[in-house]
Every structure is written in C-alpha cells, then in structure tokens.
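Chemist: Take a look at this one; I'll ask things after.
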Amino acid sequence: MTTEEKLDIIEYAKKQGLLPFLQYFDIFSAGDIREKFLQQLVGYVYADARQKEEISDLLDEFEKNRIFCMPLKGIRTKEYYPATELRTMGDLDFLYKKEQTLELKEVMKNLGFEYEGEAAKHDHYRKNGLTVEMHRSLVPAESKAYRYFQDSWKRATPEKEYIYQMSLEDHYIYTLYHLIEHFIRGGIGIRMVLDIYILSNQPQIDHEYIKNELETLGIKKFEENIRHLSKVWFEDEAYNQKDLELETYIVNGGIFGKEENMVKNTKVLYRSGTGFLIHTIFPSYRSMQTVFSWLRSPLLLPAAWAVRFKNVWTKRRQNIHLQFERASKIKTEEKEIVQQQREFFKRMGLYL
C-alpha cells in the first residue's frame, strides 16, 4: 500500500469518526506515516481524557447544585466500547429539566462556560473549544415520539440523588431514534451503525423489551434493517438488497451524512425551500414552548420568535447563512428524485 493510499484511509477514518481504530493495524503505527498517524492518535486520546474529566466535573456540580441531569449519547455509548477513546465524541450531551434553566445557567457560568443560545431542544454552552449541549427534551416537540420520550425521567434510575441513567435498553432505543433523525435529515456515517452493533450485542440487553417498544414507536422494521447491516459489516452476515441500498446511502457521507442527501431529504419533509425556511424561522407554538418556559400563551409567540432570532443572530449568525443556502439548493431537486427518496425511506421502514 502506498503512502498516499494510507493517508487517504486516515482521512476517510477521520471523516467517519473512526481514526483511533487504525492503531490496531501495523501499517499505520509503523513505517513512513507512523509519526503523522501517532500525532493524530494522541490528539484523540487527549480529547477523550479531557472530555471524561469535564464530564466528571459537570456531574459533580450538577449533583451539588441539585440540577437533575442524565448523560446522553456518546457519554453513555463510550462505556460499551473496548476502550473509550475508540468512540470519538464532539459535543457533550446531557438531559436536564427545563424548569431549572436559570439555575443551570448559573452553574455553567461558574464553571467557566459561555452561554451560546438555545436550539429547538437544547441549550449551547462553550468553554475552550468544548461544547456542551444541555437538552430540555430528547426529541423536538413536533416529533411523533415526543410524548414517548417525555417519560424518560420516569423510566430512568437515580445513580445519585440528582444524576439519573437510562437503562441500556432505553439508551439503545434513544440512540436508534437519534440515528433516525440524522438518517432522515441528511444521512448517517459508519460510526452510528457501529454504535447500534456494539449496544445491541451487549449480553445483558433485553431484546424482547426493545422489540415491544420499537413496535410502539413504529420503527421496528427500520431497526431490523440497520442492525442487519451492522452484522454484515462487523460479522459474517450475507448482504441482501436492503443492505446494499443502505450501504450506498451511508458510506459516502461523514459521521452525520452528506449535503446531497440533506437537500433531497429536506424536500421530502418540507416540499420546498420556502416551506423549509418558514418551518425554520417560525417554529410552532409547541416547539417554542420547549425553548422558552415563559411562553404560556400563543399570543406571545411573535415575541418568542423575535427573541430567538436575536439570539441566533448574535450567537450563531453563521447558522442563518447555512439554512438559507440549504433552502436555495432545495429548488433544484426534481419531483422524480424526491419521490424516489420517499420510496427509499419506506423500503427501509420509515414512513414520513
């Protein structure tokens, strides 16, 4: 294998969030690219150690200040990987109770985090390049599964007085649903499928419970398809036609898919760029209630939109440009392509 080919593999592994796995192949940890690869690997190990230290500090402060909290996503999934640095992670995600927003802001400020505004379901905090997303809800208010995931606090168990944990089964279901959100929005990468494989193969997991819950959510068929693909990739299962379709959709994107899929899928969901912009700029009353606790009447909705736009403009102005750019590209999509995409989702077990 040439040096150029090795470097291409390293770049692709980085794009998929899988670079630390290359340490188990001698061709990367020895020879002509050894120094370059090890420098990058050390960066991932350092990031993992820093994140673990920050998570520990945050949980200690949440407990001390009586902030109800539940670690989410990669924080939990890391626990099931052979080594935590193998499961790379960008942001740190926690669920909290939105009625504690003011107390939470004070705790985060005392820890040195700068508040960077709110999104549909979480608040952004940042410190020295590290982003923490504090979720008020697990899914958007307009999601079909909103009511289902609102019960997550009831199903979770306390590790301390204020720190809660989902069961492995509920964590798996949420991980799958989060994957679906990205799958529909623009696609997913290999790492998300690996998460499903690793979690679903934990010996203690209750598959019967998961099956029943997935039937309730209407995503059992999709889960079967994505889990089968994970066995094709990471075991010796034979390909079927759906595996080939899923693989094609997945492998050409990054961790969270690619722009081409995002454009097509947005047209499937919103029919036009204008429809997407209206949904983005003027979220529904129900959605905005998850952002602003003071929004107790539809009459206050215009004020909430104004506050939200001001926050986005001052804290995340770049996001405005990205959304308008995304909307402009939707116009170029042909009806036939959109219909094909809608039928693809149906074959995979998703009915939009």
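Ligands are numbered from 1 in the order shown, residues from 1 within each chain, and chains are lettered A, B, ... in the order they appear in the structure tokens.
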Set the distance at 8 Å and use only C-alpha atoms: which residues neighbour stretch 2-8 of chain A once local chain neighbours fewer than 4 positions away are removed? I'd like the list as a list in words.
Modeler: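 Listing them by chain and then by number gives Tyr12, Phe28, Asp32 and Ile33 of chain A.
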Chemist: So that I can see what lies close to stretch 246-249 of chain A, please list as a ChimeraX atom specification the residues with an atom at most 8 Å from it, counting only C-alpha atoms and leaving out residues fewer than 2 positions away in the same chain.
Modeler: /A:187,226,229,242-244,251-253,348
Chemist: Rank nothing, just name the residue among A:Ile163, A:Ile67, A:Leu111, A:Leu59 nearest to A:Glu99, using only C-alpha atoms.
Modeler: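 Once distances to A:Glu99 are computed over only C-alpha atoms, the minimum belongs to A:Ile67.
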Chemist: Can you check which residues of stretch 81-208 of chain A DSSP gives as alpha helix (DSSP H) on the backbone and send them as a PyMOL selection string?
Modeler: chain A and resi 101-110+146-150+152-155+168-185+190-200+207-208
Chemist: Counting only C-alpha atoms, what is within 12 Å of A:Asp93, bar same-chain residues fewer than 4 positions away, as a PyMOL selection string?
Modeler: chain A and resi 51+54-55+58-59+69-77+89+121-125+130-138
Chemist: For the residues selected in the previous step, produce a file with N, CA and C atoms as a PDB file, in the first residue's frame.
Modeler:
```
ATOM      1  N   GLN A  51     -12.444  15.160  27.921  1.00  0.00           N
ATOM      2  CA  GLN A  51     -13.899  15.054  27.992  1.00  0.00           C
ATOM      3  C   GLN A  51     -14.333  14.308  29.243  1.00  0.00           C
ATOM      4  N   GLU A  54     -14.034  16.584  32.172  1.00  0.00           N
ATOM      5  CA  GLU A  54     -15.068  17.616  32.160  1.00  0.00           C
ATOM      6  C   GLU A  54     -16.427  17.026  32.545  1.00  0.00           C
ATOM      7  N   ILE A  55     -16.719  15.823  32.058  1.00  0.00           N
ATOM      8  CA  ILE A  55     -17.982  15.153  32.399  1.00  0.00           C
ATOM      9  C   ILE A  55     -18.070  14.933  33.907  1.00  0.00           C
ATOM     10  N   LEU A  58     -18.728  18.243  35.631  1.00  0.00           N
ATOM     11  CA  LEU A  58     -20.103  18.686  35.408  1.00  0.00           C
ATOM     12  C   LEU A  58     -21.079  17.910  36.282  1.00  0.00           C
ATOM     13  N   LEU A  59     -20.929  16.600  36.316  1.00  0.00           N
ATOM     14  CA  LEU A  59     -21.840  15.780  37.111  1.00  0.00           C
ATOM     15  C   LEU A  59     -21.722  16.096  38.596  1.00  0.00           C
ATOM     16  N   CYS A  69     -30.141  15.667  36.126  1.00  0.00           N
ATOM     17  CA  CYS A  69     -29.314  15.516  34.933  1.00  0.00           C
ATOM     18  C   CYS A  69     -29.236  14.055  34.512  1.00  0.00           C
ATOM     19  N   MET A  70     -29.132  13.837  33.197  1.00  0.00           N
ATOM     20  CA  MET A  70     -28.998  12.494  32.644  1.00  0.00           C
ATOM     21  C   MET A  70     -27.997  12.521  31.484  1.00  0.00           C
ATOM     22  N   PRO A  71     -26.847  11.846  31.591  1.00  0.00           N
ATOM     23  CA  PRO A  71     -25.889  11.796  30.478  1.00  0.00           C
ATOM     24  C   PRO A  71     -26.500  11.092  29.260  1.00  0.00           C
ATOM     25  N   LEU A  72     -26.178  11.615  28.073  1.00  0.00           N
ATOM     26  CA  LEU A  72     -26.778  11.109  26.841  1.00  0.00           C
ATOM     27  C   LEU A  72     -25.727  10.734  25.803  1.00  0.00           C
ATOM     28  N   LYS A  73     -26.212  10.064  24.756  1.00  0.00           N
ATOM     29  CA  LYS A  73     -25.474   9.814  23.513  1.00  0.00           C
ATOM     30  C   LYS A  73     -24.094   9.208  23.785  1.00  0.00           C
ATOM     31  N   GLY A  74     -23.056   9.857  23.225  1.00  0.00           N
ATOM     32  CA  GLY A  74     -21.721   9.268  23.291  1.00  0.00           C
ATOM     33  C   GLY A  74     -21.202   9.062  24.696  1.00  0.00           C
ATOM     34  N   ILE A  75     -21.630   9.905  25.636  1.00  0.00           N
ATOM     35  CA  ILE A  75     -21.177   9.746  27.017  1.00  0.00           C
ATOM     36  C   ILE A  75     -21.516   8.351  27.520  1.00  0.00           C
ATOM     37  N   ARG A  76     -22.726   7.888  27.220  1.00  0.00           N
ATOM     38  CA  ARG A  76     -23.136   6.545  27.622  1.00  0.00           C
ATOM     39  C   ARG A  76     -22.550   5.474  26.716  1.00  0.00           C
ATOM     40  N   THR A  77     -22.604   5.709  25.399  1.00  0.00           N
ATOM     41  CA  THR A  77     -22.180   4.674  24.454  1.00  0.00           C
ATOM     42  C   THR A  77     -20.705   4.333  24.625  1.00  0.00           C
ATOM     43  N   MET A  89     -16.108  11.624  20.116  1.00  0.00           N
ATOM     44  CA  MET A  89     -17.277  12.393  20.525  1.00  0.00           C
ATOM     45  C   MET A  89     -16.968  13.868  20.333  1.00  0.00           C
ATOM     46  N   LYS A 121     -34.303  21.988  20.999  1.00  0.00           N
ATOM     47  CA  LYS A 121     -34.425  21.068  22.132  1.00  0.00           C
ATOM     48  C   LYS A 121     -33.264  21.146  23.119  1.00  0.00           C
ATOM     49  N   HIS A 122     -32.280  22.016  22.867  1.00  0.00           N
ATOM     50  CA  HIS A 122     -31.161  22.086  23.796  1.00  0.00           C
ATOM     51  C   HIS A 122     -30.556  23.486  23.841  1.00  0.00           C
ATOM     52  N   ASP A 123     -29.774  23.742  24.905  1.00  0.00           N
ATOM     53  CA  ASP A 123     -29.033  24.986  25.081  1.00  0.00           C
ATOM     54  C   ASP A 123     -27.558  24.700  24.794  1.00  0.00           C
ATOM     55  N   HIS A 124     -26.863  25.695  24.222  1.00  0.00           N
ATOM     56  CA  HIS A 124     -25.448  25.545  23.884  1.00  0.00           C
ATOM     57  C   HIS A 124     -24.577  26.273  24.900  1.00  0.00           C
ATOM     58  N   TYR A 125     -23.538  25.592  25.384  1.00  0.00           N
ATOM     59  CA  TYR A 125     -22.539  26.197  26.253  1.00  0.00           C
ATOM     60  C   TYR A 125     -21.154  25.838  25.703  1.00  0.00           C
ATOM     61  N   LEU A 130     -14.650  23.419  23.827  1.00  0.00           N
ATOM     62  CA  LEU A 130     -15.519  22.282  24.173  1.00  0.00           C
ATOM     63  C   LEU A 130     -16.971  22.747  24.259  1.00  0.00           C
ATOM     64  N   THR A 131     -17.848  22.061  23.531  1.00  0.00           N
ATOM     65  CA  THR A 131     -19.270  22.416  23.527  1.00  0.00           C
ATOM     66  C   THR A 131     -20.077  21.424  24.353  1.00  0.00           C
ATOM     67  N   VAL A 132     -20.949  21.954  25.182  1.00  0.00           N
ATOM     68  CA  VAL A 132     -21.882  21.134  25.962  1.00  0.00           C
ATOM     69  C   VAL A 132     -23.289  21.486  25.514  1.00  0.00           C
ATOM     70  N   GLU A 133     -24.057  20.478  25.166  1.00  0.00           N
ATOM     71  CA  GLU A 133     -25.463  20.672  24.799  1.00  0.00           C
ATOM     72  C   GLU A 133     -26.332  20.145  25.931  1.00  0.00           C
ATOM     73  N   MET A 134     -27.065  21.051  26.549  1.00  0.00           N
ATOM     74  CA  MET A 134     -27.959  20.694  27.641  1.00  0.00           C
ATOM     75  C   MET A 134     -29.375  20.582  27.067  1.00  0.00           C
ATOM     76  N   HIS A 135     -29.877  19.377  27.001  1.00  0.00           N
ATOM     77  CA  HIS A 135     -31.155  19.096  26.350  1.00  0.00           C
ATOM     78  C   HIS A 135     -32.323  19.293  27.310  1.00  0.00           C
ATOM     79  N   ARG A 136     -33.290  20.068  26.851  1.00  0.00           N
ATOM     80  CA  ARG A 136     -34.540  20.203  27.600  1.00  0.00           C
ATOM     81  C   ARG A 136     -35.472  19.052  27.281  1.00  0.00           C
ATOM     82  N   SER A 137     -35.328  18.475  26.099  1.00  0.00           N
ATOM     83  CA  SER A 137     -36.099  17.293  25.703  1.00  0.00           C
ATOM     84  C   SER A 137     -35.217  16.433  24.802  1.00  0.00           C
ATOM     85  N   LEU A 138     -35.564  15.162  24.693  1.00  0.00           N
ATOM     86  CA  LEU A 138     -34.741  14.243  23.908  1.00  0.00           C
ATOM     87  C   LEU A 138     -34.991  14.373  22.418  1.00  0.00           C
TER      88      LEU A 138
END
```
Chemist: Check stretch 35-181 of chain A with DSSP on the backbone and list each residue it calls strand (DSSP E or B), as an mmCIF file with N, CA and C atoms, in the first residue's frame.
Modeler:
```cif
data_model
loop_
_atom_site.group_PDB
_atom_site.id
_atom_site.type_symbol
_atom_site.label_atom_id
_atom_site.label_comp_id
_atom_site.auth_asym_id
_atom_site.auth_seq_id
_atom_site.Cartn_x
_atom_site.Cartn_y
_atom_site.Cartn_z
ATOM 1 N N CYS A 69 -30.141 15.667 36.126
ATOM 2 C CA CYS A 69 -29.314 15.516 34.933
ATOM 3 C C CYS A 69 -29.236 14.055 34.512
ATOM 4 N N MET A 70 -29.132 13.837 33.197
ATOM 5 C CA MET A 70 -28.998 12.494 32.644
ATOM 6 C C MET A 70 -27.997 12.521 31.484
ATOM 7 N N PRO A 71 -26.847 11.846 31.591
ATOM 8 C CA PRO A 71 -25.889 11.796 30.478
ATOM 9 C C PRO A 71 -26.500 11.092 29.260
ATOM 10 N N LEU A 92 -20.650 17.307 24.306
ATOM 11 C CA LEU A 92 -21.105 16.545 25.469
ATOM 12 C C LEU A 92 -22.592 16.826 25.639
ATOM 13 N N ASP A 93 -23.394 15.771 25.745
ATOM 14 C CA ASP A 93 -24.849 15.920 25.789
ATOM 15 C C ASP A 93 -25.413 15.431 27.114
ATOM 16 N N PHE A 94 -26.297 16.255 27.693
ATOM 17 C CA PHE A 94 -26.989 15.905 28.941
ATOM 18 C C PHE A 94 -28.451 16.316 28.808
ATOM 19 N N LEU A 95 -29.309 15.577 29.459
ATOM 20 C CA LEU A 95 -30.707 15.971 29.599
ATOM 21 C C LEU A 95 -30.886 16.612 30.966
ATOM 22 N N TYR A 96 -31.647 17.703 31.024
ATOM 23 C CA TYR A 96 -31.982 18.320 32.309
ATOM 24 C C TYR A 96 -33.449 18.729 32.280
ATOM 25 N N GLU A 114 -19.518 29.651 28.543
ATOM 26 C CA GLU A 114 -20.262 30.774 27.989
ATOM 27 C C GLU A 114 -21.542 30.265 27.342
ATOM 28 N N TYR A 115 -22.641 30.900 27.675
ATOM 29 C CA TYR A 115 -23.934 30.534 27.082
ATOM 30 C C TYR A 115 -23.986 31.042 25.648
ATOM 31 N N GLU A 116 -24.286 30.133 24.695
ATOM 32 C CA GLU A 116 -24.297 30.499 23.275
ATOM 33 C C GLU A 116 -25.687 30.402 22.651
ATOM 34 N N GLY A 117 -26.720 30.394 23.478
ATOM 35 C CA GLY A 117 -28.068 30.409 22.936
ATOM 36 C C GLY A 117 -28.737 29.047 22.963
ATOM 37 N N GLU A 118 -29.970 29.033 22.458
ATOM 38 C CA GLU A 118 -30.777 27.823 22.514
ATOM 39 C C GLU A 118 -31.167 27.367 21.109
ATOM 40 N N HIS A 122 -32.280 22.016 22.867
ATOM 41 C CA HIS A 122 -31.161 22.086 23.796
ATOM 42 C C HIS A 122 -30.556 23.486 23.841
ATOM 43 N N ASP A 123 -29.774 23.742 24.905
ATOM 44 C CA ASP A 123 -29.033 24.986 25.081
ATOM 45 C C ASP A 123 -27.558 24.700 24.794
ATOM 46 N N HIS A 124 -26.863 25.695 24.222
ATOM 47 C CA HIS A 124 -25.448 25.545 23.884
ATOM 48 C C HIS A 124 -24.577 26.273 24.900
ATOM 49 N N TYR A 125 -23.538 25.592 25.384
ATOM 50 C CA TYR A 125 -22.539 26.197 26.253
ATOM 51 C C TYR A 125 -21.154 25.838 25.703
ATOM 52 N N ARG A 126 -20.216 26.757 25.842
ATOM 53 C CA ARG A 126 -18.890 26.513 25.266
ATOM 54 C C ARG A 126 -17.790 27.039 26.179
ATOM 55 N N LYS A 127 -16.703 26.267 26.248
ATOM 56 C CA LYS A 127 -15.537 26.668 27.037
ATOM 57 C C LYS A 127 -14.281 26.073 26.410
ATOM 58 N N LEU A 130 -14.650 23.419 23.827
ATOM 59 C CA LEU A 130 -15.519 22.282 24.173
ATOM 60 C C LEU A 130 -16.971 22.747 24.259
ATOM 61 N N THR A 131 -17.848 22.061 23.531
ATOM 62 C CA THR A 131 -19.270 22.416 23.527
ATOM 63 C C THR A 131 -20.077 21.424 24.353
ATOM 64 N N VAL A 132 -20.949 21.954 25.182
ATOM 65 C CA VAL A 132 -21.882 21.134 25.962
ATOM 66 C C VAL A 132 -23.289 21.486 25.514
ATOM 67 N N GLU A 133 -24.057 20.478 25.166
ATOM 68 C CA GLU A 133 -25.463 20.672 24.799
ATOM 69 C C GLU A 133 -26.332 20.145 25.931
ATOM 70 N N MET A 134 -27.065 21.051 26.549
ATOM 71 C CA MET A 134 -27.959 20.694 27.641
ATOM 72 C C MET A 134 -29.375 20.582 27.067
ATOM 73 N N HIS A 135 -29.877 19.377 27.001
ATOM 74 C CA HIS A 135 -31.155 19.096 26.350
ATOM 75 C C HIS A 135 -32.323 19.293 27.310
ATOM 76 N N THR A 157 -33.241 5.514 36.252
ATOM 77 C CA THR A 157 -32.947 5.198 37.651
ATOM 78 C C THR A 157 -31.875 6.151 38.175
ATOM 79 N N PRO A 158 -31.994 6.580 39.449
ATOM 80 C CA PRO A 158 -31.002 7.513 40.005
ATOM 81 C C PRO A 158 -29.699 6.800 40.363
ATOM 82 N N ILE A 163 -28.477 12.698 39.709
ATOM 83 C CA ILE A 163 -27.910 12.162 38.466
ATOM 84 C C ILE A 163 -28.616 10.855 38.123
ATOM 85 N N TYR A 164 -29.255 10.838 36.959
ATOM 86 C CA TYR A 164 -30.032 9.676 36.528
ATOM 87 C C TYR A 164 -29.380 9.000 35.329
ATOM 88 N N GLN A 165 -29.726 7.732 35.125
ATOM 89 C CA GLN A 165 -29.244 6.988 33.972
ATOM 90 C C GLN A 165 -30.402 6.240 33.328
#
```
Chemist: As a ChimeraX atom specification, please: the residues near A:Asp170 (cut-off 10 Å, only C-alpha atoms, same-chain neighbours under 2 positions excluded).
Modeler: /A:149,152,155-156,165-168,172-176,209-210,213
Chemist: Keeping only N, CA, C and O atoms, write the selected residues as a short mmCIF file (atom, residue, chain, number, x, y, z; two decimals), in the first residue's frame.
Modeler:
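Below you can see part-v1.cif, which holds the result:
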```cif
data_model
loop_
_atom_site.label_atom_id
_atom_site.label_comp_id
_atom_site.auth_asym_id
_atom_site.auth_seq_id
_atom_site.Cartn_x
_atom_site.Cartn_y
_atom_site.Cartn_z
N PHE A 149 -40.81 9.93 24.60
CA PHE A 149 -39.55 10.24 25.27
C PHE A 149 -39.72 11.20 26.44
O PHE A 149 -38.80 11.34 27.25
N SER A 152 -39.05 9.55 29.78
CA SER A 152 -37.71 9.02 30.06
C SER A 152 -37.28 9.22 31.50
O SER A 152 -36.59 8.38 32.08
N ARG A 155 -38.71 6.45 33.62
CA ARG A 155 -38.12 5.12 33.42
C ARG A 155 -36.67 5.05 33.89
O ARG A 155 -36.13 3.96 34.12
N ALA A 156 -36.01 6.21 34.00
CA ALA A 156 -34.60 6.22 34.39
C ALA A 156 -34.44 5.91 35.88
O ALA A 156 -35.38 6.03 36.67
N GLN A 165 -29.73 7.73 35.12
CA GLN A 165 -29.24 6.99 33.97
C GLN A 165 -30.40 6.24 33.33
O GLN A 165 -31.24 5.65 34.02
N MET A 166 -30.44 6.25 32.01
CA MET A 166 -31.36 5.37 31.29
C MET A 166 -30.89 3.93 31.44
O MET A 166 -29.69 3.67 31.62
N SER A 167 -31.80 3.01 31.31
CA SER A 167 -31.40 1.61 31.21
C SER A 167 -30.68 1.42 29.89
O SER A 167 -30.78 2.26 28.98
N LEU A 168 -29.93 0.34 29.76
CA LEU A 168 -29.25 0.04 28.49
C LEU A 168 -30.27 -0.04 27.36
O LEU A 168 -30.02 0.46 26.25
N TYR A 172 -30.45 2.36 24.14
CA TYR A 172 -30.38 1.81 22.77
C TYR A 172 -31.50 2.39 21.91
O TYR A 172 -31.28 2.80 20.77
N ILE A 173 -32.71 2.45 22.46
CA ILE A 173 -33.86 2.97 21.71
C ILE A 173 -33.64 4.44 21.37
O ILE A 173 -33.90 4.87 20.24
N TYR A 174 -33.13 5.21 22.33
CA TYR A 174 -32.88 6.62 22.05
C TYR A 174 -31.75 6.78 21.04
O TYR A 174 -31.81 7.64 20.15
N THR A 175 -30.71 5.97 21.15
CA THR A 175 -29.60 6.01 20.18
C THR A 175 -30.12 5.73 18.78
O THR A 175 -29.74 6.40 17.82
N LEU A 176 -30.99 4.75 18.67
CA LEU A 176 -31.58 4.42 17.36
C LEU A 176 -32.43 5.58 16.85
O LEU A 176 -32.35 5.94 15.66
N TYR A 209 -37.93 -6.57 25.29
CA TYR A 209 -38.40 -5.24 25.69
C TYR A 209 -38.21 -4.25 24.56
O TYR A 209 -39.13 -3.47 24.22
N ILE A 210 -37.04 -4.27 23.95
CA ILE A 210 -36.75 -3.35 22.85
C ILE A 210 -37.70 -3.57 21.69
O ILE A 210 -38.24 -2.61 21.11
N GLU A 213 -41.05 -1.99 22.44
CA GLU A 213 -41.01 -0.53 22.42
C GLU A 213 -40.88 0.00 20.99
O GLU A 213 -41.49 1.02 20.63
#
```
Chemist: Given the choices A:Tyr162, A:Phe21, A:Tyr351, A:Phe37, which gets closest to A:Asn65 if the distance is worked out from only C-alpha atoms?
Modeler: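 Closest to A:Asn65 of all the choices is A:Tyr162.
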Chemist: When distances are computed from only C-alpha atoms, which of A:Ile10, A:Gln100, A:Gln16, A:Gly129 shows the smallest separation from A:Leu38?
Modeler: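 Looking only at the distances to A:Leu38, the closest residue turns out to be A:Ile10.
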Chemist: Using only C-alpha atoms, which residue out of A:Glu53, A:Glu85, A:Asp26, A:Glu245 lies closest to A:Leu41?
Modeler: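 Going through A:Glu53, A:Glu85, A:Asp26, A:Glu245 one by one, the smallest distance to A:Leu41 is for A:Glu85.
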